[in-house]
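Structure below is work-v9.cif: mmCIF, C-alpha atoms; chains and numbers go by the auth columns.
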data_upload
#
loop_
_atom_site.group_PDB
_atom_site.id
_atom_site.type_symbol
_atom_site.label_atom_id
_atom_site.label_comp_id
_atom_site.label_asym_id
_atom_site.label_seq_id
_atom_site.Cartn_x
_atom_site.Cartn_y
_atom_site.Cartn_z
_atom_site.B_iso_or_equiv
_atom_site.auth_seq_id
_atom_site.auth_asym_id
ATOM 1 C CA GLN A 1 13.532 0.112 26.073 0.00 1 A
ATOM 2 C CA LYS A 2 11.180 -0.014 23.117 0.00 2 A
ATOM 3 C CA GLU A 3 12.250 1.742 19.941 0.00 3 A
ATOM 4 C CA VAL A 4 8.941 3.614 19.860 0.00 4 A
ATOM 5 C CA GLU A 5 6.956 4.595 22.937 0.00 5 A
ATOM 6 C CA GLN A 6 3.331 5.649 22.801 0.00 6 A
ATOM 7 C CA ASP A 7 0.976 6.288 25.698 0.00 7 A
ATOM 8 C CA PRO A 8 -1.861 3.755 25.335 0.00 8 A
ATOM 9 C CA GLY A 9 -4.480 6.028 26.902 0.00 9 A
ATOM 10 C CA PRO A 10 -7.393 5.943 26.780 0.00 10 A
ATOM 11 C CA LEU A 11 -7.569 9.658 26.144 0.00 11 A
ATOM 12 C CA SER A 12 -11.076 11.014 26.636 0.00 12 A
ATOM 13 C CA VAL A 13 -11.992 14.508 25.398 0.00 13 A
ATOM 14 C CA PRO A 14 -15.196 16.470 24.756 0.00 14 A
ATOM 15 C CA GLU A 15 -16.330 17.133 21.225 0.00 15 A
ATOM 16 C CA GLY A 16 -14.637 20.199 19.752 0.00 16 A
ATOM 17 C CA ALA A 17 -11.478 19.862 21.828 0.00 17 A
ATOM 18 C CA ILE A 18 -7.958 19.953 20.415 0.00 18 A
ATOM 19 C CA VAL A 19 -6.324 16.574 20.769 0.00 19 A
ATOM 20 C CA SER A 20 -2.596 15.984 21.025 0.00 20 A
ATOM 21 C CA LEU A 21 -1.233 12.494 20.442 0.00 21 A
ATOM 22 C CA ASN A 22 2.461 11.800 20.862 0.00 22 A
ATOM 23 C CA CYS A 23 5.219 9.278 20.335 0.00 23 A
ATOM 24 C CA THR A 24 8.828 9.258 21.399 0.00 24 A
ATOM 25 C CA TYR A 25 11.534 7.164 19.843 0.00 25 A
ATOM 26 C CA SER A 26 15.091 6.190 20.588 0.00 26 A
ATOM 27 C CA ASN A 27 16.605 5.574 17.149 0.00 27 A
ATOM 28 C CA SER A 28 17.957 8.815 15.717 0.00 28 A
ATOM 29 C CA ALA A 29 18.148 7.161 12.276 0.00 29 A
ATOM 30 C CA PHE A 30 14.372 7.285 11.808 0.00 30 A
ATOM 31 C CA GLN A 31 13.465 9.620 8.959 0.00 31 A
ATOM 32 C CA TYR A 32 9.993 8.601 7.809 0.00 32 A
ATOM 33 C CA PHE A 33 7.074 9.148 10.166 0.00 33 A
ATOM 34 C CA MET A 34 3.465 8.114 9.805 0.00 34 A
ATOM 35 C CA TRP A 35 0.208 8.175 11.710 0.00 35 A
ATOM 36 C CA TYR A 36 -2.435 5.519 11.233 0.00 36 A
ATOM 37 C CA ARG A 37 -6.012 5.532 12.498 0.00 37 A
ATOM 38 C CA GLN A 38 -7.648 2.261 13.432 0.00 38 A
ATOM 39 C CA TYR A 39 -11.315 1.844 14.173 0.00 39 A
ATOM 40 C CA SER A 40 -12.433 -1.031 16.359 0.00 40 A
ATOM 41 C CA ARG A 41 -11.972 -4.409 14.685 0.00 41 A
ATOM 42 C CA LYS A 42 -10.732 -2.813 11.444 0.00 42 A
ATOM 43 C CA GLY A 43 -7.372 -2.535 9.734 0.00 43 A
ATOM 44 C CA PRO A 44 -5.314 0.637 10.275 0.00 44 A
ATOM 45 C CA GLU A 45 -5.635 3.365 7.643 0.00 45 A
ATOM 46 C CA LEU A 46 -2.896 5.813 6.773 0.00 46 A
ATOM 47 C CA LEU A 47 -3.704 9.274 8.083 0.00 47 A
ATOM 48 C CA MET A 48 -0.544 11.354 7.788 0.00 48 A
ATOM 49 C CA TYR A 49 2.938 10.922 6.363 0.00 49 A
ATOM 50 C CA THR A 50 5.957 13.112 7.079 0.00 50 A
ATOM 51 C CA TYR A 51 9.545 12.941 6.011 0.00 51 A
ATOM 52 C CA SER A 52 12.211 14.267 8.399 0.00 52 A
ATOM 53 C CA SER A 53 11.413 17.234 10.636 0.00 53 A
ATOM 54 C CA GLY A 54 8.675 19.818 10.319 0.00 54 A
ATOM 55 C CA ASN A 55 4.920 20.131 10.178 0.00 55 A
ATOM 56 C CA LYS A 56 2.318 18.836 7.793 0.00 56 A
ATOM 57 C CA GLU A 57 -1.319 19.843 7.786 0.00 57 A
ATOM 58 C CA ASP A 58 -4.310 18.083 6.263 0.00 58 A
ATOM 59 C CA GLY A 59 -7.699 19.492 7.172 0.00 59 A
ATOM 60 C CA ARG A 60 -8.194 19.158 10.920 0.00 60 A
ATOM 61 C CA PHE A 61 -5.027 17.097 11.300 0.00 61 A
ATOM 62 C CA THR A 62 -1.475 18.358 11.809 0.00 62 A
ATOM 63 C CA ALA A 63 1.560 16.117 12.096 0.00 63 A
ATOM 64 C CA GLN A 64 4.673 17.465 13.736 0.00 64 A
ATOM 65 C CA VAL A 65 8.143 15.943 13.880 0.00 65 A
ATOM 66 C CA ASP A 66 10.945 17.136 16.162 0.00 66 A
ATOM 67 C CA LYS A 67 13.970 14.991 15.386 0.00 67 A
ATOM 68 C CA SER A 68 16.191 16.821 17.858 0.00 68 A
ATOM 69 C CA SER A 69 13.895 15.680 20.687 0.00 69 A
ATOM 70 C CA LYS A 70 12.965 12.367 19.014 0.00 70 A
ATOM 71 C CA TYR A 71 9.331 13.294 19.408 0.00 71 A
ATOM 72 C CA ILE A 72 6.395 13.277 17.013 0.00 72 A
ATOM 73 C CA SER A 73 2.874 14.571 17.490 0.00 73 A
ATOM 74 C CA LEU A 74 -0.498 14.437 15.837 0.00 74 A
ATOM 75 C CA PHE A 75 -2.923 17.277 16.539 0.00 75 A
ATOM 76 C CA ILE A 76 -6.619 17.013 15.837 0.00 76 A
ATOM 77 C CA ARG A 77 -8.587 20.255 15.832 0.00 77 A
ATOM 78 C CA ASP A 78 -12.321 20.444 16.471 0.00 78 A
ATOM 79 C CA SER A 79 -12.417 16.786 17.425 0.00 79 A
ATOM 80 C CA GLN A 80 -15.522 14.810 16.497 0.00 80 A
ATOM 81 C CA PRO A 81 -17.040 11.607 17.900 0.00 81 A
ATOM 82 C CA SER A 82 -16.085 9.993 14.578 0.00 82 A
ATOM 83 C CA ASP A 83 -12.431 10.591 15.509 0.00 83 A
ATOM 84 C CA SER A 84 -12.796 8.020 18.294 0.00 84 A
ATOM 85 C CA ALA A 85 -10.307 5.334 17.351 0.00 85 A
ATOM 86 C CA THR A 86 -6.851 4.020 18.114 0.00 86 A
ATOM 87 C CA TYR A 87 -4.024 6.104 16.658 0.00 87 A
ATOM 88 C CA LEU A 88 -0.774 4.381 15.813 0.00 88 A
ATOM 89 C CA CYS A 89 2.483 6.124 15.088 0.00 89 A
ATOM 90 C CA ALA A 90 4.978 4.417 12.800 0.00 90 A
ATOM 91 C CA MET A 91 8.448 5.227 11.590 0.00 91 A
ATOM 92 C CA SER A 92 11.350 3.840 9.613 0.00 92 A
ATOM 93 C CA ARG A 93 14.974 4.478 8.833 0.00 93 A
ATOM 94 C CA GLU A 94 16.251 4.476 5.304 0.00 94 A
ATOM 95 C CA TYR A 95 13.989 4.461 2.313 0.00 95 A
ATOM 96 C CA GLY A 96 12.492 1.008 1.817 0.00 96 A
ATOM 97 C CA ASN A 97 13.089 -0.050 5.391 0.00 97 A
ATOM 98 C CA LYS A 98 10.427 -1.728 7.486 0.00 98 A
ATOM 99 C CA LEU A 99 8.120 0.284 9.722 0.00 99 A
ATOM 100 C CA VAL A 100 8.310 0.229 13.511 0.00 100 A
ATOM 101 C CA PHE A 101 4.951 0.868 15.173 0.00 101 A
ATOM 102 C CA GLY A 102 3.972 2.344 18.498 0.00 102 A
ATOM 103 C CA ALA A 103 1.466 0.407 20.604 0.00 103 A
ATOM 104 C CA GLY A 104 -1.310 2.887 19.785 0.00 104 A
ATOM 105 C CA THR A 105 -3.307 5.462 21.768 0.00 105 A
ATOM 106 C CA ILE A 106 -7.032 4.958 22.276 0.00 106 A
ATOM 107 C CA LEU A 107 -8.936 8.214 21.744 0.00 107 A
ATOM 108 C CA ARG A 108 -12.534 8.751 22.804 0.00 108 A
ATOM 109 C CA VAL A 109 -14.348 11.918 21.778 0.00 109 A
ATOM 110 C CA LYS A 110 -17.541 12.449 23.770 0.00 110 A
ATOM 111 C CA SER A 111 -20.513 14.232 22.225 0.00 111 A
ATOM 112 C CA SER B 1 -7.083 2.335 -7.432 0.00 1 B
ATOM 113 C CA GLN B 2 -5.517 -0.356 -5.319 0.00 2 B
ATOM 114 C CA THR B 3 -7.533 -2.584 -3.039 0.00 3 B
ATOM 115 C CA ILE B 4 -6.632 -5.348 -0.659 0.00 4 B
ATOM 116 C CA HIS B 5 -8.876 -8.234 0.292 0.00 5 B
ATOM 117 C CA GLN B 6 -8.321 -10.469 3.268 0.00 6 B
ATOM 118 C CA TRP B 7 -10.366 -13.454 4.414 0.00 7 B
ATOM 119 C CA PRO B 8 -11.859 -14.939 6.422 0.00 8 B
ATOM 120 C CA ALA B 9 -12.749 -11.977 8.610 0.00 9 B
ATOM 121 C CA THR B 10 -13.378 -14.072 11.694 0.00 10 B
ATOM 122 C CA LEU B 11 -12.638 -17.643 12.609 0.00 11 B
ATOM 123 C CA VAL B 12 -12.634 -19.851 15.669 0.00 12 B
ATOM 124 C CA GLN B 13 -10.335 -22.859 15.480 0.00 13 B
ATOM 125 C CA PRO B 14 -9.537 -25.642 17.940 0.00 14 B
ATOM 126 C CA VAL B 15 -6.010 -26.134 19.222 0.00 15 B
ATOM 127 C CA GLY B 16 -4.048 -28.376 16.898 0.00 16 B
ATOM 128 C CA SER B 17 -6.090 -27.572 13.807 0.00 17 B
ATOM 129 C CA PRO B 18 -4.573 -26.050 10.637 0.00 18 B
ATOM 130 C CA LEU B 19 -4.901 -22.431 9.578 0.00 19 B
ATOM 131 C CA SER B 20 -5.035 -20.657 6.253 0.00 20 B
ATOM 132 C CA LEU B 21 -5.555 -16.918 5.897 0.00 21 B
ATOM 133 C CA GLU B 22 -5.525 -15.459 2.425 0.00 22 B
ATOM 134 C CA CYS B 23 -4.864 -11.999 1.090 0.00 23 B
ATOM 135 C CA THR B 24 -4.981 -10.578 -2.429 0.00 24 B
ATOM 136 C CA VAL B 25 -4.105 -7.147 -3.733 0.00 25 B
ATOM 137 C CA GLU B 26 -5.660 -5.595 -6.816 0.00 26 B
ATOM 138 C CA GLY B 27 -4.662 -2.635 -8.918 0.00 27 B
ATOM 139 C CA THR B 28 -0.903 -2.886 -8.608 0.00 28 B
ATOM 140 C CA SER B 29 1.946 -5.090 -9.764 0.00 29 B
ATOM 141 C CA ASN B 30 4.817 -6.585 -7.800 0.00 30 B
ATOM 142 C CA PRO B 31 3.750 -5.215 -4.414 0.00 31 B
ATOM 143 C CA ASN B 32 5.648 -5.839 -1.222 0.00 32 B
ATOM 144 C CA LEU B 33 3.377 -7.928 0.986 0.00 33 B
ATOM 145 C CA TYR B 34 3.274 -8.252 4.762 0.00 34 B
ATOM 146 C CA TRP B 35 1.592 -10.237 7.505 0.00 35 B
ATOM 147 C CA TYR B 36 1.250 -8.543 10.883 0.00 36 B
ATOM 148 C CA ARG B 37 -0.253 -9.697 14.144 0.00 37 B
ATOM 149 C CA GLN B 38 -1.791 -7.258 16.565 0.00 38 B
ATOM 150 C CA ALA B 39 -2.178 -8.062 20.244 0.00 39 B
ATOM 151 C CA ALA B 40 -3.926 -5.757 22.692 0.00 40 B
ATOM 152 C CA GLY B 41 -1.564 -3.093 24.035 0.00 41 B
ATOM 153 C CA ARG B 42 1.388 -4.434 22.090 0.00 42 B
ATOM 154 C CA GLY B 43 1.048 -2.752 18.752 0.00 43 B
ATOM 155 C CA LEU B 44 1.754 -4.407 15.443 0.00 44 B
ATOM 156 C CA GLN B 45 4.221 -7.243 15.157 0.00 45 B
ATOM 157 C CA LEU B 46 5.626 -7.976 11.717 0.00 46 B
ATOM 158 C CA LEU B 47 5.480 -11.708 11.056 0.00 47 B
ATOM 159 C CA PHE B 48 6.466 -12.088 7.396 0.00 48 B
ATOM 160 C CA TYR B 49 7.181 -9.940 4.407 0.00 49 B
ATOM 161 C CA SER B 50 7.689 -10.705 0.749 0.00 50 B
ATOM 162 C CA VAL B 51 9.225 -8.705 -2.068 0.00 51 B
ATOM 163 C CA GLY B 52 8.289 -11.168 -4.808 0.00 52 B
ATOM 164 C CA ILE B 53 6.836 -14.557 -5.706 0.00 53 B
ATOM 165 C CA GLY B 54 8.341 -17.275 -3.557 0.00 54 B
ATOM 166 C CA GLN B 55 10.451 -14.769 -1.584 0.00 55 B
ATOM 167 C CA ILE B 56 9.467 -14.822 2.080 0.00 56 B
ATOM 168 C CA SER B 57 11.299 -13.325 5.033 0.00 57 B
ATOM 169 C CA SER B 58 10.348 -14.336 8.553 0.00 58 B
ATOM 170 C CA GLU B 59 10.706 -11.797 11.312 0.00 59 B
ATOM 171 C CA VAL B 60 9.786 -13.843 14.349 0.00 60 B
ATOM 172 C CA PRO B 61 10.248 -17.574 15.015 0.00 61 B
ATOM 173 C CA GLN B 62 6.803 -19.018 15.530 0.00 62 B
ATOM 174 C CA ASN B 63 4.232 -21.607 14.692 0.00 63 B
ATOM 175 C CA LEU B 64 3.281 -19.925 11.436 0.00 64 B
ATOM 176 C CA SER B 65 4.460 -19.885 7.837 0.00 65 B
ATOM 177 C CA ALA B 66 3.744 -17.744 4.804 0.00 66 B
ATOM 178 C CA SER B 67 3.677 -18.344 1.081 0.00 67 B
ATOM 179 C CA ARG B 68 3.331 -16.206 -2.009 0.00 68 B
ATOM 180 C CA PRO B 69 2.212 -18.413 -4.877 0.00 69 B
ATOM 181 C CA GLN B 70 1.255 -15.511 -7.139 0.00 70 B
ATOM 182 C CA ASP B 71 2.375 -11.902 -7.495 0.00 71 B
ATOM 183 C CA ARG B 72 -0.591 -10.436 -5.596 0.00 72 B
ATOM 184 C CA GLN B 73 -1.489 -13.318 -3.304 0.00 73 B
ATOM 185 C CA PHE B 74 -0.135 -13.886 0.184 0.00 74 B
ATOM 186 C CA ILE B 75 -1.120 -16.769 2.447 0.00 75 B
ATOM 187 C CA LEU B 76 -0.538 -17.250 6.165 0.00 76 B
ATOM 188 C CA SER B 77 -0.634 -20.840 7.389 0.00 77 B
ATOM 189 C CA SER B 78 -0.158 -23.082 10.342 0.00 78 B
ATOM 190 C CA LYS B 79 -0.163 -26.862 10.535 0.00 79 B
ATOM 191 C CA LYS B 80 -1.170 -26.973 14.198 0.00 80 B
ATOM 192 C CA LEU B 81 -2.556 -23.951 15.992 0.00 81 B
ATOM 193 C CA LEU B 82 -1.628 -23.050 19.556 0.00 82 B
ATOM 194 C CA LEU B 83 -3.688 -21.018 22.001 0.00 83 B
ATOM 195 C CA SER B 84 -1.060 -18.292 21.758 0.00 84 B
ATOM 196 C CA ASP B 85 -1.774 -17.906 18.030 0.00 85 B
ATOM 197 C CA SER B 86 -5.035 -16.122 18.846 0.00 86 B
ATOM 198 C CA GLY B 87 -5.066 -12.520 17.696 0.00 87 B
ATOM 199 C CA PHE B 88 -5.842 -10.049 14.970 0.00 88 B
ATOM 200 C CA TYR B 89 -3.947 -10.755 11.758 0.00 89 B
ATOM 201 C CA LEU B 90 -3.423 -8.063 9.187 0.00 90 B
ATOM 202 C CA CYS B 91 -2.228 -8.323 5.624 0.00 91 B
ATOM 203 C CA ALA B 92 -0.634 -5.236 4.152 0.00 92 B
ATOM 204 C CA TRP B 93 1.032 -4.071 0.962 0.00 93 B
ATOM 205 C CA SER B 94 3.385 -1.393 -0.231 0.00 94 B
ATOM 206 C CA VAL B 95 5.015 -0.398 -3.462 0.00 95 B
ATOM 207 C CA THR B 96 8.656 0.549 -3.804 0.00 96 B
ATOM 208 C CA GLY B 97 8.676 4.282 -4.309 0.00 97 B
ATOM 209 C CA SER B 98 5.664 4.913 -2.070 0.00 98 B
ATOM 210 C CA GLY B 99 7.730 6.484 0.669 0.00 99 B
ATOM 211 C CA ASN B 100 7.729 3.551 3.094 0.00 100 B
ATOM 212 C CA THR B 101 3.978 3.736 3.586 0.00 101 B
ATOM 213 C CA ILE B 102 2.051 0.502 3.825 0.00 102 B
ATOM 214 C CA TYR B 103 -1.661 -0.124 3.411 0.00 103 B
ATOM 215 C CA PHE B 104 -3.606 -2.624 5.456 0.00 104 B
ATOM 216 C CA GLY B 105 -6.442 -5.003 4.808 0.00 105 B
ATOM 217 C CA GLU B 106 -9.446 -5.286 7.070 0.00 106 B
ATOM 218 C CA GLY B 107 -7.902 -7.972 9.225 0.00 107 B
ATOM 219 C CA SER B 108 -8.803 -11.472 10.399 0.00 108 B
ATOM 220 C CA TRP B 109 -9.784 -12.240 13.962 0.00 109 B
ATOM 221 C CA LEU B 110 -8.506 -15.650 14.997 0.00 110 B
ATOM 222 C CA THR B 111 -9.594 -17.281 18.234 0.00 111 B
ATOM 223 C CA VAL B 112 -7.962 -20.581 19.086 0.00 112 B
ATOM 224 C CA VAL B 113 -10.000 -22.574 21.608 0.00 113 B
#

Output the structure of this file as structure tokens.
Amino acid sequence: QKEVEQDPGPLSVPEGAIVSLNCTYSNSAFQYFMWYRQYSRKGPELLMYTYSSGNKEDGRFTAQVDKSSKYISLFIRDSQPSDSATYLCAMSREYGNKLVFGAGTILRVKS
Amino acid sequence: SQTIHQWPATLVQPVGSPLSLECTVEGTSNPNLYWYRQAAGRGLQLLFYSVGIGQISSEVPQNLSASRPQDRQFILSSKKLLLSDSGFYLCAWSVTGSGNTIYFGEGSWLTVV
């Protein structure tokens, strides 16, 4: 079993839809959670960062962490064609520890 | 602000040829540096990381090596490439105290033929 599981998609939605991207993990020691966005043939860029459980909102993006269920989510409101990309979740244990990445979910937003 | 440069962006190399990918970071001192490889559907695989000049940790046994000759320079090398070395290689950096977040370069596409 992989430490971090992420549905590879592709997930195809119409413009304006609410998108939900998810990751599950098996290691209860993970405390730091991140979402990266990667456009085709580009390096990933940090989108959201969350420590421990709870929600964090930044514009159209909301990151949610449920440590009791070992489940994290990224919500995108009013999705745009420019949101079409691969979204990678990442997480780590103690401070300074290396990140473990999910395989990434391909998102396509149709205009 | 900090920036990371990685080159070359794309290269096609024959089997058995050497490889050198270079990465430099600007705007910060003593960064942690990383080399990742990304294969389709398999996410990011950490190859090497470095916490200082000359300090390299290897995560996966392979046909590659890394060096850090200067504080903000990280080099990925191979003496003889294999077909299986093809992929997307990403350099990344972080700073202790940044909350475990790392920042990636634009990547290098390597095709071994």

Just need the residues of chain A within 9 Å of chain B, counting all atoms listed in the file, so spit them out as a VMD selection string. chain A and resid 8 32 34 41 to 46 49 51 88 91 to 92 94 to 104

Hits from the PyMOL selection byres ((chain A and resi 86) around 6), listed as a list in words: Arg37, Gln38, Ala85, Tyr87, Gly104, Thr105, Ile106 and Leu107 of chain A

Please write as a count of residues only the full residue list that the PyMOL selection byres ((chain A and resi 18) around 6) yields on this file. 5

Spatial neighbours of Ser67 in chain B, max dist 10 Å, only C-alpha atoms, sep filter under 3 positions, as a PyMOL selection string: chain B and resi 22+48-50+53-57+70+73-77

Can you list what the PyMOL selection byres ((chain A and resi 82) around 10) grabs from this structure, as JSON, numbers by chain? {"A": [15, 39, 79, 80, 81, 83, 84, 85, 108, 109, 110, 111]}

Find the smallest box with edges along x, y and z containing every listed atom of range 9-25 of chain B, then add 8 Å on each side and report centre and edge lengths in Å to one decimal, as AutoDock Vina command-line options.
--center_x -8.7 --center_y -17.8 --center_z 7.7 --size_x 25.3 --size_y 37.2 --size_z 39.0

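Atom to atom, CA of Leu64 in chain B and CA of Ser20 in chain B stand 9.8 Å apart.
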
So which residues fall inside 7 Å of (5.7, 16.1, 12.9) if we count only C-alpha atoms? Mind giving them as number ranges by chain? A: 50, 53-56, 63-66, 72-73

Quick one: write out the picked residues with C-alpha atoms as an mmCIF file, in the frame of the given file?
data_model
loop_
_atom_site.group_PDB
_atom_site.id
_atom_site.type_symbol
_atom_site.label_atom_id
_atom_site.label_comp_id
_atom_site.auth_asym_id
_atom_site.auth_seq_id
_atom_site.Cartn_x
_atom_site.Cartn_y
_atom_site.Cartn_z
ATOM 1 C CA THR A 50 5.957 13.112 7.079
ATOM 2 C CA SER A 53 11.413 17.234 10.636
ATOM 3 C CA GLY A 54 8.675 19.818 10.319
ATOM 4 C CA ASN A 55 4.920 20.131 10.178
ATOM 5 C CA LYS A 56 2.318 18.836 7.793
ATOM 6 C CA ALA A 63 1.560 16.117 12.096
ATOM 7 C CA GLN A 64 4.673 17.465 13.736
ATOM 8 C CA VAL A 65 8.143 15.943 13.880
ATOM 9 C CA ASP A 66 10.945 17.136 16.162
ATOM 10 C CA ILE A 72 6.395 13.277 17.013
ATOM 11 C CA SER A 73 2.874 14.571 17.490
#

Enter the distance from CA of Leu19 in chain B to CA of Leu33 in chain B, in Å, rounded to one decimal. 18.8 Å

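For the set A:Asp7, A:Lys2, A:Leu21, A:Gly16, the residue with the smallest atom-to-atom gap to Tyr36 in chain A is A:Leu21, counting only C-alpha atoms.
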
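Look at Ser78 in chain B: the protein and nucleic acid residues within 10 Å of it, using all atoms listed in the file and passing over chain neighbours fewer than 5 places away, are B:Gly16, B:Ser17, B:Pro18, B:Leu19, B:Ser20, B:Leu21, B:Gln62, B:Asn63, B:Leu64, B:Ser65, B:Ala66, B:Asp85.
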
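The spacing separating CA of Asn30 in chain B from CA of Gln6 in chain B amounts to 17.6 Å.
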
Could you list as a ChimeraX atom specification every residue that has an atom within 10 Å of (17.6, 6.6, 18.2), using the file's coordinates and counting all atoms listed in the file? /A:3-4,24-30,67,70,93

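Proximity to Val12 in chain B was assessed for B:Trp93, B:Leu81, B:Tyr34, B:Gly27 counting all atoms listed in the file; the smallest distance is recorded for B:Leu81.
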